[in-house]
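I have placed the structure first, in the form of C-alpha cells, so that the comments after it can refer back to it.
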Amino acid sequence: MKKSIIALLMVALVLPMAFAQGTSEAKPVELVYTMTAVPTDAHAGAMRVFKETVEEVSGGQIKVLTYDSASLFKQEQEVSAVKSGQADMTATAASWLTDGSPWVSMFTAGYIFKTYDHMTSVLNGPIGQEVFDRIAKEQGIRPLGAQYLGTRQINLVEDRPIRTPADLNGVNLRMPNSDSWIFLGKAIGANPTPISFSELYMALQTKTVDGQDNPLPTNKNAKFYEVTKSISITNHLVDSVWPAINEAKWQSLTEEQKGWVMEGIKAGIEYCDTTNIKAEAELIEFFKSEGLSIYYADLDAFAEHVLAQYLDSPYSDTWDMEMFEKIQAAGN
C-alpha cells in the first residue's frame, strides 16, 4: 500500500513538471515585421507571403506579426528599431545601411547591376551571402535576401532613341534633388535638373525638362506617358529591397527555425519578383498602345561609361574593390 501511495505521489510531482516543460518547448517564436510600404506594393505582398509560409511550414511554432504603411515605425526609424530589437524584421535597402557600412554604397551605384538576372544571381547567391554576413557582423542587422523592386528607364518628351551615354548629351533630365541622384544623372551623360516629383508632370508637359527617369510602373501611375513620346530601356538602376532580421534574434533561432524562416524569404522573393517583372513586361505593351516608342540601349556601353564615372569619384573610396570585381564578373 505504501509503495502504491509513493508511486502516485511521484506521478503527481512529475506530471506538472513534464507538462510545464512541454508547454515551454511549444511556446511559439514571435517575429515582429515592420515596413513602410503600403499593402498594394509588391514587397508588402511579399511580407504577407513570408508570414503565411513561415507559419505553415513551422506548424505554428513561429508567429509573424506584420505591420505595413509605417504603422509601427517611420521609414527613418526602421533599421535602428531592428538593430535595437524593438522590431525583429524590416524591409530595407543598401542606401539605408551605408552609415554603418560605408562600403555598401557600392550597391547604390548606377550599373552595379546590368539586369534583374545579374542582381538576383549576385545578391541571392554566394556573393550576397558574403555581403549579408559582413553587414550582420558590422551592424547587428542581417539581410536575408534581395527582392526585385524595379528598374529605372529614360522617358523623353521627344521620340528619340537613347542607345549610348552620348545620346544624352545636352538632355535636361529631371532627377531627384540630392547629391547622389545628381551624380547619377551626370554619370549617365545627361544634364541633371532637380525638380520635385509633384511638379514633374507639368515640367514635362511644358518641356521645362526634356525627360525623366523612373521605373515603368511609376511612369504609368503618374501618367507621364500622356506628356512624353519615348522610353529607352537603359536599366541604369536595378533596385532591390532586402528583408532583414535582428542578428541576435537570428542567432537565437535553431537551425530548423532558421530553415523555416529562409523558406518564407524565398517564397517572398518569388512573389515580389514575379509580380514586378510581370508588371514591367505588360507595361511595355501598354506604353506602345498609348503611342510611345520603345527603344533598347546598349547596356554594355552605358555600364562601362557610368561605372568609370563612379570609380573616378570619391563615391568609390570606401568600396571593396575585390568584391566589386566579383560582382562585375558575374554580369558577363
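Convention: chains lettered A, B, ... in C-alpha cells order; per-chain residue numbering from 1; ligands numbered from 1 as shown.
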Residues within 9 Å of segment 74-83 of chain A, only C-alpha atoms, excluding chain neighbours under 4 positions, as a ChimeraX atom specification: /A:34-36,69-70,87-92,96-97,139-141,244-248
Could you list, as a short mmCIF file (atom, residue, chain, number, x, y, z; two decimals) with N, CA and C atoms, in the first residue's frame, every residue within 7 Å of Ala37 of chain A, counting only C-alpha atoms and ignoring same-chain residues fewer than 3 positions away?
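Full text of out.cif as output:
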data_model
loop_
_atom_site.label_atom_id
_atom_site.label_comp_id
_atom_site.auth_asym_id
_atom_site.auth_seq_id
_atom_site.Cartn_x
_atom_site.Cartn_y
_atom_site.Cartn_z
N ASP A 41 1.88 47.46 -52.55
CA ASP A 41 3.24 47.29 -53.05
C ASP A 41 3.61 45.80 -53.05
N ALA A 44 5.24 44.53 -49.91
CA ALA A 44 4.31 44.35 -48.79
C ALA A 44 3.57 43.02 -48.97
N ASP A 68 2.47 47.12 -41.96
CA ASP A 68 2.84 47.86 -43.17
C ASP A 68 2.50 49.34 -43.00
N SER A 69 2.71 50.12 -44.05
CA SER A 69 2.31 51.54 -44.10
C SER A 69 2.92 52.38 -42.98
#
Pick from A:Trp260, A:Tyr310, A:Tyr116, A:Trp319, whichever lies nearest to Val29 of chain A using only C-alpha atoms: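 Ranking A:Trp260, A:Tyr310, A:Tyr116, A:Trp319 by distance to Val29 of chain A, first place goes to A:Trp260.
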Selection near Gly128 of chain A, 10 Å with only C-alpha atoms, sequence-local residues under 3 positions removed, as a list in words: Met119, Thr120, Ser121, Val122, Leu123, Asn124, Gly125, Val131, Phe132, Asp133, Arg134, Pro143, Leu144, Gly145, Ala146 and Ile327 of chain A
Writer output for current selection, C-alpha atoms, as a JSON list (two decimals), in the first residue's frame:
[["chain", "number", "residue", "atom", "x", "y", "z"],
["A", 119, "MET", "CA", 21.13, 41.48, -59.47],
["A", 120, "THR", "CA", 19.31, 38.42, -58.17],
["A", 121, "SER", "CA", 22.10, 35.96, -59.03],
["A", 122, "VAL", "CA", 24.59, 38.10, -57.08],
["A", 123, "LEU", "CA", 22.53, 39.11, -54.05],
["A", 124, "ASN", "CA", 20.73, 35.79, -53.69],
["A", 125, "GLY", "CA", 23.91, 33.78, -54.25],
["A", 131, "VAL", "CA", 27.74, 40.80, -48.18],
["A", 132, "PHE", "CA", 24.95, 40.00, -45.72],
["A", 133, "ASP", "CA", 27.27, 38.18, -43.27],
["A", 134, "ARG", "CA", 29.56, 41.20, -43.21],
["A", 143, "PRO", "CA", 19.73, 40.94, -44.67],
["A", 144, "LEU", "CA", 18.33, 37.54, -45.66],
["A", 145, "GLY", "CA", 17.84, 38.05, -49.39],
["A", 146, "ALA", "CA", 17.00, 40.55, -52.13],
["A", 327, "ILE", "CA", 30.07, 41.39, -58.96]]
Which of segment 70-171 of chain A fall in helix (DSSP H, G or I), as a VMD selection string: chain A and resid 75 to 84 94 to 96 102 to 108 116 to 123 126 to 139 165 to 168
Include N, CA and C atoms and write out the residues we just selected as a compact mmCIF listing (two decimals), in the first residue's frame.
# COMPACT_ATOMS: atom_id res chain seq x y z
N GLN A 75 9.92 55.18 -41.75
CA GLN A 75 10.99 54.60 -42.56
C GLN A 75 12.37 54.90 -41.98
N GLU A 76 12.56 56.13 -41.50
CA GLU A 76 13.85 56.54 -40.95
C GLU A 76 14.19 55.80 -39.65
N GLN A 77 13.18 55.19 -39.02
CA GLN A 77 13.38 54.53 -37.72
C GLN A 77 13.53 53.02 -37.83
N GLU A 78 13.20 52.47 -38.99
CA GLU A 78 13.07 51.01 -39.10
C GLU A 78 14.37 50.26 -38.85
N VAL A 79 15.45 50.68 -39.48
CA VAL A 79 16.72 49.97 -39.31
C VAL A 79 17.19 50.03 -37.86
N SER A 80 17.11 51.20 -37.24
CA SER A 80 17.54 51.32 -35.84
C SER A 80 16.63 50.52 -34.92
N ALA A 81 15.33 50.43 -35.27
CA ALA A 81 14.40 49.64 -34.46
C ALA A 81 14.76 48.16 -34.49
N VAL A 82 15.16 47.67 -35.66
CA VAL A 82 15.56 46.27 -35.77
C VAL A 82 16.91 46.04 -35.09
N LYS A 83 17.83 46.96 -35.25
CA LYS A 83 19.14 46.83 -34.59
C LYS A 83 18.99 46.76 -33.07
N SER A 84 18.07 47.55 -32.52
CA SER A 84 17.89 47.62 -31.07
C SER A 84 16.99 46.52 -30.53
N ALA A 94 20.18 48.91 -49.61
CA ALA A 94 21.58 49.31 -49.46
C ALA A 94 21.72 50.74 -48.95
N SER A 95 20.90 51.64 -49.48
CA SER A 95 21.04 53.06 -49.13
C SER A 95 20.82 53.32 -47.64
N TRP A 96 20.07 52.45 -46.94
CA TRP A 96 19.79 52.63 -45.52
C TRP A 96 20.86 51.99 -44.64
N PRO A 102 29.99 51.85 -44.78
CA PRO A 102 30.14 52.75 -45.94
C PRO A 102 30.38 52.04 -47.27
N TRP A 103 31.03 50.89 -47.25
CA TRP A 103 31.31 50.15 -48.48
C TRP A 103 30.04 49.68 -49.20
N VAL A 104 28.91 49.65 -48.47
CA VAL A 104 27.64 49.22 -49.06
C VAL A 104 27.14 50.23 -50.09
N SER A 105 27.71 51.45 -50.08
CA SER A 105 27.31 52.45 -51.09
C SER A 105 27.56 51.93 -52.51
N MET A 106 28.43 50.95 -52.65
CA MET A 106 28.68 50.32 -53.94
C MET A 106 27.39 49.83 -54.59
N PHE A 107 26.45 49.37 -53.75
CA PHE A 107 25.21 48.78 -54.27
C PHE A 107 24.16 49.84 -54.62
N THR A 108 24.50 51.12 -54.43
CA THR A 108 23.59 52.20 -54.83
C THR A 108 24.03 52.82 -56.15
N TYR A 116 18.06 42.50 -64.13
CA TYR A 116 17.45 41.81 -62.99
C TYR A 116 18.17 40.50 -62.71
N ASP A 117 18.46 39.72 -63.74
CA ASP A 117 19.14 38.44 -63.54
C ASP A 117 20.49 38.62 -62.87
N HIS A 118 21.22 39.66 -63.27
CA HIS A 118 22.52 39.95 -62.66
C HIS A 118 22.33 40.25 -61.17
N MET A 119 21.37 41.09 -60.86
CA MET A 119 21.13 41.48 -59.47
C MET A 119 20.78 40.28 -58.60
N THR A 120 19.80 39.50 -59.04
CA THR A 120 19.31 38.42 -58.17
C THR A 120 20.32 37.29 -58.05
N SER A 121 21.10 37.03 -59.11
CA SER A 121 22.10 35.96 -59.03
C SER A 121 23.23 36.34 -58.06
N VAL A 122 23.54 37.63 -57.99
CA VAL A 122 24.59 38.10 -57.08
C VAL A 122 24.07 38.14 -55.64
N LEU A 123 22.99 38.88 -55.42
CA LEU A 123 22.53 39.11 -54.05
C LEU A 123 21.87 37.89 -53.41
N PRO A 126 26.18 33.27 -53.52
CA PRO A 126 27.33 33.29 -52.59
C PRO A 126 27.87 34.69 -52.30
N ILE A 127 27.90 35.57 -53.31
CA ILE A 127 28.40 36.93 -53.07
C ILE A 127 27.47 37.66 -52.10
N GLY A 128 26.17 37.52 -52.32
CA GLY A 128 25.20 38.15 -51.43
C GLY A 128 25.34 37.64 -50.01
N GLN A 129 25.59 36.34 -49.86
CA GLN A 129 25.77 35.78 -48.52
C GLN A 129 26.97 36.41 -47.82
N GLU A 130 28.03 36.63 -48.59
CA GLU A 130 29.22 37.29 -48.04
C GLU A 130 28.89 38.72 -47.62
N VAL A 131 28.15 39.43 -48.47
CA VAL A 131 27.74 40.80 -48.18
C VAL A 131 26.89 40.84 -46.91
N PHE A 132 25.90 39.97 -46.84
CA PHE A 132 24.95 40.00 -45.72
C PHE A 132 25.62 39.57 -44.41
N ASP A 133 26.53 38.59 -44.48
CA ASP A 133 27.27 38.18 -43.27
C ASP A 133 28.09 39.35 -42.72
N ARG A 134 28.71 40.08 -43.62
CA ARG A 134 29.56 41.20 -43.21
C ARG A 134 28.72 42.32 -42.58
N ILE A 135 27.58 42.61 -43.18
CA ILE A 135 26.69 43.64 -42.62
C ILE A 135 26.22 43.22 -41.23
N ALA A 136 25.86 41.94 -41.08
CA ALA A 136 25.40 41.44 -39.78
C ALA A 136 26.47 41.61 -38.72
N LYS A 137 27.70 41.33 -39.07
CA LYS A 137 28.82 41.44 -38.13
C LYS A 137 29.07 42.90 -37.76
N GLU A 138 28.95 43.80 -38.73
CA GLU A 138 29.27 45.22 -38.51
C GLU A 138 28.13 45.98 -37.84
N GLN A 139 26.87 45.56 -38.10
CA GLN A 139 25.75 46.40 -37.67
C GLN A 139 24.71 45.72 -36.79
N PRO A 165 25.48 56.68 -73.77
CA PRO A 165 25.52 57.92 -72.98
C PRO A 165 25.66 59.17 -73.85
N ALA A 166 26.31 59.06 -75.00
CA ALA A 166 26.48 60.22 -75.89
C ALA A 166 25.13 60.76 -76.34
N ASP A 167 24.12 59.90 -76.43
CA ASP A 167 22.79 60.33 -76.87
C ASP A 167 22.10 61.20 -75.83
N LEU A 168 22.61 61.21 -74.60
CA LEU A 168 22.02 62.05 -73.55
C LEU A 168 22.74 63.39 -73.41
Given only C-alpha atoms, how would the per-residue table for segment 53-133 of chain A near segment 295-307 of chain A read, listing every residue at most 12 Å away with its closest atom pair and distance in Å to one decimal, sorted by chain and number, as a tab-separated table?
residue	atom	partner	partner_atom	distance
A:Met106	CA	A:Leu307	CA	10.3
A:Phe107	CA	A:Leu307	CA	11.7
A:Thr108	CA	A:Leu307	CA	11.5
A:Ala109	CA	A:Leu307	CA	7.7
A:Gly110	CA	A:Val306	CA	6.6
A:Tyr111	CA	A:Ala303	CA	5.3
A:Ile112	CA	A:Leu307	CA	7.4
A:Phe113	CA	A:Ala303	CA	8.6
A:Lys114	CA	A:Leu299	CA	6.9
A:Thr115	CA	A:Leu299	CA	8.9
Shell around Ile277 of chain A at 9 Å using only C-alpha atoms, local window under 4 positions removed, as number ranges by chain: A: 116, 148, 150, 272-273, 281-282
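In this comparison, which uses only C-alpha atoms, the residue of A:Lys258, A:Phe197, A:Ala46, A:Pro192 approaching Asn169 of chain A most closely is A:Pro192.
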Option closest in space to Arg48 of chain A, from A:Thr66, A:Thr98, A:Thr228, A:Asn177 [counting only C-alpha atoms]: A:Thr66
Secondary structure check, strand (DSSP E or B) residues of segment 15-226 of chain A, as a count of residues only: 42
Closest of A:Leu200, A:Val157, A:Val241, A:Leu149 to Ile265 of chain A - atom-to-atom distances counting only C-alpha atoms: A:Val241
